[in-house]
file query-v4.cif (mmCIF, C-alpha atoms; chains and numbers go by the auth columns)
data_run
loop_
_atom_site.group_PDB
_atom_site.id
_atom_site.type_symbol
_atom_site.label_atom_id
_atom_site.label_comp_id
_atom_site.label_asym_id
_atom_site.label_seq_id
_atom_site.Cartn_x
_atom_site.Cartn_y
_atom_site.Cartn_z
_atom_site.B_iso_or_equiv
_atom_site.auth_seq_id
_atom_site.auth_asym_id
ATOM 1 C CA MET A 1 10.863 93.123 -72.499 0.00 1 A
ATOM 2 C CA SER A 2 7.892 95.134 -71.314 0.00 2 A
ATOM 3 C CA HIS A 3 4.413 94.319 -72.549 0.00 3 A
ATOM 4 C CA PRO A 4 3.856 97.622 -74.415 0.00 4 A
ATOM 5 C CA GLU A 5 7.158 97.389 -76.313 0.00 5 A
ATOM 6 C CA PHE A 6 6.627 94.018 -77.953 0.00 6 A
ATOM 7 C CA ASP A 7 2.889 94.356 -78.315 0.00 7 A
ATOM 8 C CA ARG A 8 3.688 97.401 -80.464 0.00 8 A
ATOM 9 C CA TYR A 9 5.951 95.257 -82.651 0.00 9 A
ATOM 10 C CA ALA A 10 3.579 92.277 -82.945 0.00 10 A
ATOM 11 C CA SER A 11 1.914 93.682 -86.069 0.00 11 A
ATOM 12 C CA GLY A 12 4.354 93.382 -88.956 0.00 12 A
ATOM 13 C CA TYR A 13 7.147 92.078 -86.704 0.00 13 A
ATOM 14 C CA GLN A 14 9.301 90.713 -89.557 0.00 14 A
ATOM 15 C CA ASP A 15 9.184 94.055 -91.361 0.00 15 A
ATOM 16 C CA ARG A 16 10.485 95.753 -88.230 0.00 16 A
ATOM 17 C CA LEU A 17 13.583 93.551 -88.401 0.00 17 A
ATOM 18 C CA ARG A 18 14.533 94.904 -91.814 0.00 18 A
ATOM 19 C CA GLU A 19 17.981 96.457 -92.078 0.00 19 A
ATOM 20 C CA PRO A 20 20.144 96.902 -95.223 0.00 20 A
ATOM 21 C CA ILE A 21 23.104 94.714 -94.170 0.00 21 A
ATOM 22 C CA ARG A 22 20.819 92.090 -92.671 0.00 22 A
ATOM 23 C CA ASP A 23 18.725 91.993 -95.834 0.00 23 A
ATOM 24 C CA ARG A 24 21.817 91.467 -98.016 0.00 24 A
ATOM 25 C CA PHE A 25 23.145 88.762 -95.666 0.00 25 A
ATOM 26 C CA ALA A 26 20.073 86.573 -96.168 0.00 26 A
ATOM 27 C CA ARG A 27 17.530 86.662 -98.966 0.00 27 A
ATOM 28 C CA ASP A 28 15.094 84.631 -96.855 0.00 28 A
ATOM 29 C CA PRO A 29 14.657 86.085 -93.313 0.00 29 A
ATOM 30 C CA ARG A 30 13.878 82.570 -92.063 0.00 30 A
ATOM 31 C CA PHE A 31 17.568 81.789 -92.603 0.00 31 A
ATOM 32 C CA PHE A 32 18.456 83.411 -89.269 0.00 32 A
ATOM 33 C CA THR A 33 16.040 81.150 -87.392 0.00 33 A
ATOM 34 C CA GLU A 34 17.257 78.141 -89.378 0.00 34 A
ATOM 35 C CA ARG A 35 20.875 78.840 -88.373 0.00 35 A
ATOM 36 C CA LYS A 36 19.890 78.953 -84.725 0.00 36 A
ATOM 37 C CA TRP A 37 18.047 75.660 -85.040 0.00 37 A
ATOM 38 C CA ILE A 38 21.023 74.019 -86.806 0.00 38 A
ATOM 39 C CA LEU A 39 23.339 75.212 -84.029 0.00 39 A
ATOM 40 C CA ILE A 40 21.017 73.874 -81.299 0.00 40 A
ATOM 41 C CA ARG A 41 20.512 70.558 -83.084 0.00 41 A
ATOM 42 C CA ASP A 42 24.234 70.070 -83.632 0.00 42 A
ATOM 43 C CA PHE A 43 25.089 71.005 -80.041 0.00 43 A
ATOM 44 C CA LEU A 44 22.689 68.433 -78.652 0.00 44 A
ATOM 45 C CA GLU A 45 23.961 65.739 -81.005 0.00 45 A
ATOM 46 C CA THR A 46 27.647 66.370 -80.335 0.00 46 A
ATOM 47 C CA SER A 47 27.009 66.595 -76.571 0.00 47 A
ATOM 48 C CA GLY A 48 25.383 63.173 -76.540 0.00 48 A
ATOM 49 C CA PHE A 49 21.783 64.260 -75.888 0.00 49 A
ATOM 50 C CA ASP A 50 18.905 62.393 -77.492 0.00 50 A
ATOM 51 C CA SER A 51 16.513 65.238 -78.245 0.00 51 A
ATOM 52 C CA ALA A 52 13.647 62.790 -78.814 0.00 52 A
ATOM 53 C CA SER A 53 13.627 62.135 -75.073 0.00 53 A
ATOM 54 C CA LEU A 54 14.002 65.755 -73.977 0.00 54 A
ATOM 55 C CA SER A 55 11.516 68.468 -73.052 0.00 55 A
ATOM 56 C CA TRP A 56 12.404 71.944 -74.366 0.00 56 A
ATOM 57 C CA LEU A 57 11.216 75.371 -73.236 0.00 57 A
ATOM 58 C CA ASP A 58 11.800 78.425 -75.436 0.00 58 A
ATOM 59 C CA VAL A 59 11.708 81.531 -73.234 0.00 59 A
ATOM 60 C CA GLY A 60 10.654 84.690 -75.072 0.00 60 A
ATOM 61 C CA CYS A 61 9.430 82.536 -77.947 0.00 61 A
ATOM 62 C CA GLY A 62 7.692 85.410 -79.764 0.00 62 A
ATOM 63 C CA GLU A 63 5.845 84.117 -82.796 0.00 63 A
ATOM 64 C CA GLY A 64 7.160 80.582 -82.228 0.00 64 A
ATOM 65 C CA ASP A 65 9.312 80.330 -85.377 0.00 65 A
ATOM 66 C CA LEU A 66 12.157 78.457 -83.666 0.00 66 A
ATOM 67 C CA MET A 67 9.730 76.117 -81.913 0.00 67 A
ATOM 68 C CA ARG A 68 8.143 75.167 -85.231 0.00 68 A
ATOM 69 C CA MET A 69 11.514 74.132 -86.625 0.00 69 A
ATOM 70 C CA GLY A 70 12.234 71.803 -83.706 0.00 70 A
ATOM 71 C CA VAL A 71 8.798 70.708 -82.544 0.00 71 A
ATOM 72 C CA HIS A 72 9.050 67.221 -84.035 0.00 72 A
ATOM 73 C CA ASN A 73 12.523 66.566 -82.625 0.00 73 A
ATOM 74 C CA PHE A 74 11.650 66.658 -78.914 0.00 74 A
ATOM 75 C CA ALA A 75 9.355 64.753 -76.592 0.00 75 A
ATOM 76 C CA ARG A 76 7.807 68.072 -75.571 0.00 76 A
ATOM 77 C CA VAL A 77 8.203 71.636 -76.848 0.00 77 A
ATOM 78 C CA ALA A 78 6.729 74.630 -75.000 0.00 78 A
ATOM 79 C CA GLY A 79 7.192 78.369 -75.179 0.00 79 A
ATOM 80 C CA CYS A 80 6.373 81.511 -73.254 0.00 80 A
ATOM 81 C CA ASP A 81 6.545 85.245 -73.792 0.00 81 A
ATOM 82 C CA VAL A 82 5.542 88.457 -72.032 0.00 82 A
ATOM 83 C CA SER A 83 3.738 89.776 -75.119 0.00 83 A
ATOM 84 C CA PRO A 84 0.166 88.613 -75.794 0.00 84 A
ATOM 85 C CA GLY A 85 0.392 90.240 -79.212 0.00 85 A
ATOM 86 C CA MET A 86 3.395 88.147 -80.237 0.00 86 A
ATOM 87 C CA LEU A 87 1.825 84.951 -78.901 0.00 87 A
ATOM 88 C CA GLN A 88 -1.220 85.493 -81.109 0.00 88 A
ATOM 89 C CA HIS A 89 1.032 84.460 -84.010 0.00 89 A
ATOM 90 C CA ALA A 90 2.162 81.274 -82.212 0.00 90 A
ATOM 91 C CA GLN A 91 -1.236 79.590 -82.149 0.00 91 A
ATOM 92 C CA GLY A 92 -1.178 75.802 -82.435 0.00 92 A
ATOM 93 C CA LEU A 93 1.930 75.551 -80.242 0.00 93 A
ATOM 94 C CA ASP A 94 2.151 74.867 -76.489 0.00 94 A
ATOM 95 C CA ILE A 95 2.525 78.488 -75.391 0.00 95 A
ATOM 96 C CA ARG A 96 1.851 80.443 -72.214 0.00 96 A
ATOM 97 C CA LEU A 97 1.943 84.100 -71.240 0.00 97 A
ATOM 98 C CA GLN A 98 4.671 85.053 -68.782 0.00 98 A
ATOM 99 C CA PRO A 99 3.464 86.917 -65.668 0.00 99 A
ATOM 100 C CA SER A 100 6.535 89.155 -65.970 0.00 100 A
ATOM 101 C CA GLY A 101 9.901 89.294 -67.674 0.00 101 A
ATOM 102 C CA THR A 102 11.509 87.340 -64.831 0.00 102 A
ATOM 103 C CA GLN A 103 8.756 84.812 -64.107 0.00 103 A
ATOM 104 C CA LEU A 104 8.068 81.648 -66.074 0.00 104 A
ATOM 105 C CA PRO A 105 4.618 80.016 -66.000 0.00 105 A
ATOM 106 C CA PHE A 106 5.899 76.472 -65.436 0.00 106 A
ATOM 107 C CA GLY A 107 6.641 74.278 -62.444 0.00 107 A
ATOM 108 C CA ASP A 108 9.969 73.261 -60.949 0.00 108 A
ATOM 109 C CA GLU A 109 12.110 70.826 -62.949 0.00 109 A
ATOM 110 C CA GLU A 110 9.702 70.429 -65.886 0.00 110 A
ATOM 111 C CA PHE A 111 12.290 70.690 -68.668 0.00 111 A
ATOM 112 C CA ASP A 112 15.636 69.295 -69.794 0.00 112 A
ATOM 113 C CA PHE A 113 16.600 72.115 -72.122 0.00 113 A
ATOM 114 C CA ALA A 114 15.782 75.838 -72.145 0.00 114 A
ATOM 115 C CA THR A 115 16.586 78.504 -74.713 0.00 115 A
ATOM 116 C CA ALA A 116 16.382 82.286 -74.701 0.00 116 A
ATOM 117 C CA VAL A 117 17.070 83.586 -78.201 0.00 117 A
ATOM 118 C CA CYS A 118 17.852 87.300 -78.551 0.00 118 A
ATOM 119 C CA VAL A 119 15.913 87.859 -75.332 0.00 119 A
ATOM 120 C CA PHE A 120 18.465 88.980 -72.762 0.00 120 A
ATOM 121 C CA HIS A 121 19.435 92.193 -74.555 0.00 121 A
ATOM 122 C CA HIS A 122 15.834 93.282 -73.918 0.00 122 A
ATOM 123 C CA VAL A 123 16.070 92.425 -70.200 0.00 123 A
ATOM 124 C CA ASP A 124 17.151 95.119 -67.760 0.00 124 A
ATOM 125 C CA PRO A 125 20.741 94.222 -66.739 0.00 125 A
ATOM 126 C CA ALA A 126 19.667 94.331 -63.082 0.00 126 A
ATOM 127 C CA GLU A 127 17.068 91.611 -63.783 0.00 127 A
ATOM 128 C CA ARG A 128 19.148 89.234 -65.896 0.00 128 A
ATOM 129 C CA LEU A 129 20.313 87.068 -63.010 0.00 129 A
ATOM 130 C CA SER A 130 16.708 86.708 -61.819 0.00 130 A
ATOM 131 C CA LEU A 131 15.704 85.359 -65.222 0.00 131 A
ATOM 132 C CA ILE A 132 18.640 82.929 -65.306 0.00 132 A
ATOM 133 C CA LEU A 133 17.676 81.648 -61.865 0.00 133 A
ATOM 134 C CA GLU A 134 14.090 81.228 -63.050 0.00 134 A
ATOM 135 C CA MET A 135 15.284 79.283 -66.090 0.00 135 A
ATOM 136 C CA LYS A 136 17.421 77.135 -63.817 0.00 136 A
ATOM 137 C CA ARG A 137 14.372 76.479 -61.604 0.00 137 A
ATOM 138 C CA ILE A 138 12.351 74.917 -64.412 0.00 138 A
ATOM 139 C CA LEU A 139 15.277 72.664 -65.426 0.00 139 A
ATOM 140 C CA ARG A 140 15.817 69.156 -64.152 0.00 140 A
ATOM 141 C CA PRO A 141 19.273 68.415 -62.711 0.00 141 A
ATOM 142 C CA GLY A 142 21.670 68.072 -65.619 0.00 142 A
ATOM 143 C CA GLY A 143 19.465 70.328 -67.772 0.00 143 A
ATOM 144 C CA VAL A 144 21.022 72.866 -70.119 0.00 144 A
ATOM 145 C CA ILE A 145 20.382 76.554 -70.797 0.00 145 A
ATOM 146 C CA CYS A 146 21.274 77.994 -74.203 0.00 146 A
ATOM 147 C CA LEU A 147 21.458 81.781 -74.557 0.00 147 A
ATOM 148 C CA ILE A 148 21.741 83.120 -78.107 0.00 148 A
ATOM 149 C CA GLU A 149 22.618 86.783 -78.477 0.00 149 A
ATOM 150 C CA HIS A 150 23.980 89.368 -80.893 0.00 150 A
ATOM 151 C CA ASN A 151 27.764 89.524 -80.775 0.00 151 A
ATOM 152 C CA ALA A 152 28.508 92.838 -79.083 0.00 152 A
ATOM 153 C CA GLN A 153 32.203 92.450 -79.983 0.00 153 A
ATOM 154 C CA ASN A 154 31.374 92.809 -83.681 0.00 154 A
ATOM 155 C CA PRO A 155 31.187 96.525 -84.691 0.00 155 A
ATOM 156 C CA VAL A 156 29.024 95.746 -87.748 0.00 156 A
ATOM 157 C CA VAL A 157 26.490 94.033 -85.500 0.00 157 A
ATOM 158 C CA ARG A 158 26.449 96.961 -83.091 0.00 158 A
ATOM 159 C CA GLY A 159 25.656 99.304 -85.976 0.00 159 A
ATOM 160 C CA MET A 160 22.868 97.057 -87.223 0.00 160 A
ATOM 161 C CA VAL A 161 21.283 96.865 -83.781 0.00 161 A
ATOM 162 C CA ARG A 162 21.159 100.658 -83.606 0.00 162 A
ATOM 163 C CA ARG A 163 19.184 100.728 -86.862 0.00 163 A
ATOM 164 C CA ILE A 164 16.673 97.919 -86.171 0.00 164 A
ATOM 165 C CA PRO A 165 13.434 99.259 -84.621 0.00 165 A
ATOM 166 C CA VAL A 166 12.754 96.273 -82.352 0.00 166 A
ATOM 167 C CA ASP A 167 16.205 96.737 -80.786 0.00 167 A
ATOM 168 C CA ALA A 168 15.715 100.432 -80.028 0.00 168 A
ATOM 169 C CA ASN A 169 16.011 99.827 -76.268 0.00 169 A
ATOM 170 C CA ALA A 170 18.476 96.940 -76.435 0.00 170 A
ATOM 171 C CA VAL A 171 21.447 96.701 -74.070 0.00 171 A
ATOM 172 C CA LEU A 172 23.819 94.201 -75.652 0.00 172 A
ATOM 173 C CA LEU A 173 25.733 91.730 -73.539 0.00 173 A
ATOM 174 C CA GLU A 174 28.979 89.959 -74.308 0.00 174 A
ATOM 175 C CA GLN A 175 29.432 86.232 -74.042 0.00 175 A
ATOM 176 C CA ARG A 176 31.499 86.627 -70.878 0.00 176 A
ATOM 177 C CA GLU A 177 28.486 88.187 -69.139 0.00 177 A
ATOM 178 C CA CYS A 178 26.431 85.125 -70.034 0.00 178 A
ATOM 179 C CA HIS A 179 28.968 82.871 -68.368 0.00 179 A
ATOM 180 C CA ASP A 180 29.186 85.208 -65.390 0.00 180 A
ATOM 181 C CA LEU A 181 25.415 84.850 -65.022 0.00 181 A
ATOM 182 C CA PHE A 182 25.779 81.063 -65.103 0.00 182 A
ATOM 183 C CA ARG A 183 28.483 81.240 -62.445 0.00 183 A
ATOM 184 C CA ARG A 184 26.393 83.491 -60.193 0.00 184 A
ATOM 185 C CA ALA A 185 23.464 81.081 -60.596 0.00 185 A
ATOM 186 C CA GLN A 186 25.770 78.225 -59.532 0.00 186 A
ATOM 187 C CA MET A 187 25.648 76.600 -62.940 0.00 187 A
ATOM 188 C CA ARG A 188 28.540 75.164 -64.920 0.00 188 A
ATOM 189 C CA SER A 189 29.479 76.789 -68.213 0.00 189 A
ATOM 190 C CA LEU A 190 29.729 74.559 -71.269 0.00 190 A
ATOM 191 C CA GLY A 191 31.359 77.106 -73.545 0.00 191 A
ATOM 192 C CA THR A 192 30.467 79.521 -76.335 0.00 192 A
ATOM 193 C CA GLU A 193 29.943 79.044 -80.050 0.00 193 A
ATOM 194 C CA PHE A 194 30.075 81.983 -82.476 0.00 194 A
ATOM 195 C CA PHE A 195 28.171 81.712 -85.745 0.00 195 A
ATOM 196 C CA LEU A 196 26.634 83.681 -88.638 0.00 196 A
ATOM 197 C CA TYR A 197 29.925 84.294 -90.404 0.00 197 A
ATOM 198 C CA LEU A 198 28.696 83.282 -93.848 0.00 198 A
ATOM 199 C CA PRO A 199 25.735 84.901 -95.627 0.00 199 A
ATOM 200 C CA GLU A 200 22.931 82.597 -96.700 0.00 200 A
ATOM 201 C CA LYS A 201 24.198 81.941 -100.237 0.00 201 A
ATOM 202 C CA LEU A 202 27.702 80.961 -99.098 0.00 202 A
ATOM 203 C CA PHE A 203 26.414 78.977 -96.137 0.00 203 A
ATOM 204 C CA ARG A 204 24.361 76.804 -98.489 0.00 204 A
ATOM 205 C CA LEU A 205 27.591 75.963 -100.325 0.00 205 A
ATOM 206 C CA PHE A 206 30.223 75.938 -97.600 0.00 206 A
ATOM 207 C CA GLY A 207 28.296 75.698 -94.327 0.00 207 A
ATOM 208 C CA SER A 208 30.731 73.266 -92.743 0.00 208 A
ATOM 209 C CA LEU A 209 33.426 75.953 -92.838 0.00 209 A
ATOM 210 C CA GLU A 210 31.612 78.012 -90.197 0.00 210 A
ATOM 211 C CA ALA A 211 32.513 75.434 -87.564 0.00 211 A
ATOM 212 C CA LEU A 212 36.168 76.383 -88.025 0.00 212 A
ATOM 213 C CA GLY A 213 35.470 79.805 -86.526 0.00 213 A
ATOM 214 C CA LYS A 214 33.061 78.879 -83.758 0.00 214 A
ATOM 215 C CA ARG A 215 35.594 79.818 -81.042 0.00 215 A
ATOM 216 C CA VAL A 216 36.574 83.095 -82.734 0.00 216 A
ATOM 217 C CA PRO A 217 34.495 86.063 -81.456 0.00 217 A
ATOM 218 C CA PHE A 218 33.709 87.663 -84.809 0.00 218 A
ATOM 219 C CA GLY A 219 30.464 85.960 -85.873 0.00 219 A
ATOM 220 C CA GLY A 220 27.234 87.898 -86.001 0.00 220 A
ATOM 221 C CA GLN A 221 25.800 86.025 -83.018 0.00 221 A
ATOM 222 C CA PHE A 222 26.886 83.578 -80.361 0.00 222 A
ATOM 223 C CA ALA A 223 25.395 80.818 -78.242 0.00 223 A
ATOM 224 C CA ALA A 224 26.442 80.371 -74.608 0.00 224 A
ATOM 225 C CA PHE A 225 25.634 77.126 -72.804 0.00 225 A
ATOM 226 C CA GLY A 226 25.325 76.380 -69.099 0.00 226 A
ATOM 227 C CA VAL A 227 24.235 73.264 -67.224 0.00 227 A
ATOM 228 C CA ARG A 228 22.383 72.843 -63.938 0.00 228 A
ATOM 229 C CA PRO A 229 24.503 70.535 -61.772 0.00 229 A
ATOM 230 C CA ALA A 230 23.132 67.034 -61.341 0.00 230 A
#
call {"tool": "encode", "arguments": {"input": "query-v4.cif", "output": "structure tokens"}}
result
Amino acid sequence: MSHPEFDRYASGYQDRLREPIRDRFARDPRFFTERKWILIRDFLETSGFDSASLSWLDVGCGEGDLMRMGVHNFARVAGCDVSPGMLQHAQGLDIRLQPSGTQLPFGDEEFDFATAVCVFHHVDPAERLSLILEMKRILRPGGVICLIEHNAQNPVVRGMVRRIPVDANAVLLEQRECHDLFRRAQMRSLGTEFFLYLPEKLFRLFGSLEALGKRVPFGGQFAAFGVRPA
């Protein structure tokens, strides 16, 4: 998550995500962001949260694509990233530059919900707990962290990551490490949901079927949830 790495990728970022299997999985690359937004929206609804009253921070927001999908569903939506180059493409959103990969430019207890989407595999493993603690700091009591990551247990995903330029320095983490980070930060785990089983075309037809496999660790990605104790 260093400045030079993602500033290098800021120009033509979407092209640098191209990979043969990924390209066949979804005709429209926005599908991957859409699936993440659907998962987040459904989690909040089924957990009894009224997103219209919540403030949401997207850590490592990049170009702000996920924020744009959810910006009208929350009372406040903000984002931050370590890369000035990436943030240039997020103009018009409430965005701030992070001082470092483990520091967030917001005050204590400003948010109810915080996401980090495909961020932690770019964070040095020795610094991951520091970032979780920083995300916990900006949450109000009862606030929730959602970590979305590539599923390291899926061999197809591991092969794709090796071929995608922006993931050249990635160190994948399994869902159990996410929950271990929550535990070490004295947060309570709310479980894991695996997704991206169905390619775009099939998801449009049979999307409800994906929920049947959300506890089975074979999806392309997963979301791990943890809550700051009240």
call {"tool": "residues_around", "arguments": {"input": "query-v4.cif", "residues": "stretch 129-138 of chain A", "least_positions_apart": "5", "cutoff": "9 Å", "atoms": "only C-alpha atoms", "output": "PyMOL selection string"}}
result
chain A and resi 57+59+101-104+106-112+114-115+120+123+143-145+181-182+184-185+187+227-228
call {"tool": "closest_residue", "arguments": {"input": "query-v4.cif", "among": "A:Cys61, A:Gly219, A:Asp23, A:Asp42", "to": "A:Met86", "atoms": "only C-alpha atoms"}}
result
A:Cys61
call {"tool": "resolve_selection", "arguments": {"input": "query-v4.cif", "expression": "the PyMOL selection byres ((chain A and resi 70) around 12)", "output": "number ranges by chain"}}
result
A: 33-34, 36-41, 51-52, 54-58, 64-69, 71-79, 93
call {"tool": "atom_distance", "arguments": {"input": "query-v4.cif", "atom1": "atom CA of A:Gly226", "atom2": "atom CA of A:Asp180"}}
result
10.3 Å
call {"tool": "atom_distance", "arguments": {"input": "query-v4.cif", "atom1": "atom CA of A:Arg158", "atom2": "atom CA of A:Arg188"}}
result
28.5 Å
call {"tool": "resolve_selection", "arguments": {"input": "query-v4.cif", "expression": "the PyMOL selection byres ((chain A and resi 159) around 12)", "output": "NGL selection string"}}
result
:A and (19-22 or 150-158 or 160-164 or 167-168 or 172 or 220)
call {"tool": "atom_distance", "arguments": {"input": "query-v4.cif", "atom1": "atom CA of A:His121", "atom2": "atom CA of A:Asn169"}}
result
8.5 Å
call {"tool": "axis_aligned_box", "arguments": {"input": "query-v4.cif", "around": "stretch 199-217 of chain A", "padding_each_side": "3 Å", "output": "AutoDock Vina command-line options"}}
result
--center_x 29.8 --center_y 79.7 --center_z -90.7 --size_x 19.6 --size_y 18.8 --size_z 25.3
call {"tool": "residues_near_point", "arguments": {"input": "query-v4.cif", "point": "(25.9, 78.2, -84.1)", "cutoff": "12 Å", "atoms": "all atoms listed in the file", "output": "JSON, numbers by chain"}}
result
{"A": [32, 33, 34, 35, 36, 37, 38, 39, 40, 41, 42, 43, 44, 117, 146, 147, 148, 149, 150, 151, 191, 192, 193, 194, 195, 196, 197, 198, 207, 208, 209, 210, 211, 212, 213, 214, 215, 216, 217, 219, 220, 221, 222, 223, 224, 225]}
call {"tool": "closest_residue", "arguments": {"input": "query-v4.cif", "among": "A:Val166, A:Phe31, A:Gln88, A:His179", "to": "A:Phe203", "atoms": "all atoms listed in the file"}}
result
A:Phe31
call {"tool": "resolve_selection", "arguments": {"input": "query-v4.cif", "expression": "the PyMOL selection byres ((chain A and resi 99) around 12)", "output": "list in words"}}
result
Met1, Ser2, His3, Cys80, Asp81, Val82, Ser83, Pro84, Arg96, Leu97, Gln98, Ser100, Gly101, Thr102, Gln103, Leu104, Pro105 and Phe106 of chain A
call {"tool": "write_last_selection", "arguments": {"input": "query-v4.cif", "atoms": "C-alpha atoms", "output": "compact mmCIF listing (two decimals), keeping the file's coordinate frame"}}
result
# COMPACT_ATOMS: atom_id res chain seq x y z
CA MET A 1 10.86 93.12 -72.50
CA SER A 2 7.89 95.13 -71.31
CA HIS A 3 4.41 94.32 -72.55
CA CYS A 80 6.37 81.51 -73.25
CA ASP A 81 6.54 85.24 -73.79
CA VAL A 82 5.54 88.46 -72.03
CA SER A 83 3.74 89.78 -75.12
CA PRO A 84 0.17 88.61 -75.79
CA ARG A 96 1.85 80.44 -72.21
CA LEU A 97 1.94 84.10 -71.24
CA GLN A 98 4.67 85.05 -68.78
CA SER A 100 6.54 89.16 -65.97
CA GLY A 101 9.90 89.29 -67.67
CA THR A 102 11.51 87.34 -64.83
CA GLN A 103 8.76 84.81 -64.11
CA LEU A 104 8.07 81.65 -66.07
CA PRO A 105 4.62 80.02 -66.00
CA PHE A 106 5.90 76.47 -65.44
call {"tool": "residues_around", "arguments": {"input": "query-v4.cif", "residues": "A:Pro199", "least_positions_apart": "4", "cutoff": "9 Å", "atoms": "all atoms listed in the file", "output": "PyMOL selection string"}}
result
chain A and resi 24-26+203-204
call {"tool": "closest_residue", "arguments": {"input": "query-v4.cif", "among": "A:Gly85, A:Pro29, A:Gly142, A:Gly48", "to": "A:Ser189", "atoms": "only C-alpha atoms"}}
result
A:Gly142
call {"tool": "decode", "arguments": {"input": "query-v4.cif", "residues": "stretch 102-117 of chain A", "atoms": "N, CA and C atoms", "output": "compact mmCIF listing (two decimals), in the first residue's frame"}}
result
# COMPACT_ATOMS: atom_id res chain seq x y z
N THR A 102 -1.35 2.96 7.80
CA THR A 102 -1.97 2.56 9.07
C THR A 102 -2.52 3.74 9.85
N GLN A 103 -2.70 4.88 9.19
CA GLN A 103 -3.28 6.05 9.83
C GLN A 103 -4.46 6.54 9.00
N LEU A 104 -5.55 6.86 9.68
CA LEU A 104 -6.75 7.35 9.01
C LEU A 104 -6.99 8.80 9.40
N PRO A 105 -7.29 9.66 8.43
CA PRO A 105 -7.40 11.10 8.67
C PRO A 105 -8.78 11.52 9.19
N PHE A 106 -9.25 10.83 10.22
CA PHE A 106 -10.55 11.12 10.81
C PHE A 106 -10.45 11.00 12.33
N GLY A 107 -11.39 11.63 13.01
CA GLY A 107 -11.37 11.64 14.47
C GLY A 107 -11.95 10.37 15.08
N ASP A 108 -11.82 10.26 16.38
CA ASP A 108 -12.36 9.12 17.11
C ASP A 108 -13.88 9.06 16.97
N GLU A 109 -14.38 7.83 16.77
CA GLU A 109 -15.82 7.54 16.82
C GLU A 109 -16.64 8.42 15.88
N GLU A 110 -16.15 8.61 14.66
CA GLU A 110 -16.88 9.40 13.66
C GLU A 110 -17.86 8.57 12.83
N PHE A 111 -17.65 7.25 12.79
CA PHE A 111 -18.40 6.42 11.84
C PHE A 111 -19.08 5.24 12.53
N ASP A 112 -20.11 4.73 11.83
CA ASP A 112 -20.84 3.54 12.30
C ASP A 112 -20.42 2.29 11.55
N PHE A 113 -19.86 2.47 10.38
CA PHE A 113 -19.56 1.35 9.50
C PHE A 113 -18.29 1.68 8.73
N ALA A 114 -17.38 0.72 8.63
CA ALA A 114 -16.11 0.93 7.91
C ALA A 114 -15.81 -0.28 7.05
N THR A 115 -15.40 -0.03 5.82
CA THR A 115 -15.04 -1.11 4.90
C THR A 115 -13.58 -0.96 4.48
N ALA A 116 -12.97 -2.07 4.15
CA ALA A 116 -11.66 -2.11 3.50
C ALA A 116 -11.76 -3.22 2.46
N VAL A 117 -11.86 -2.83 1.20
CA VAL A 117 -12.16 -3.77 0.13
C VAL A 117 -10.90 -4.06 -0.68
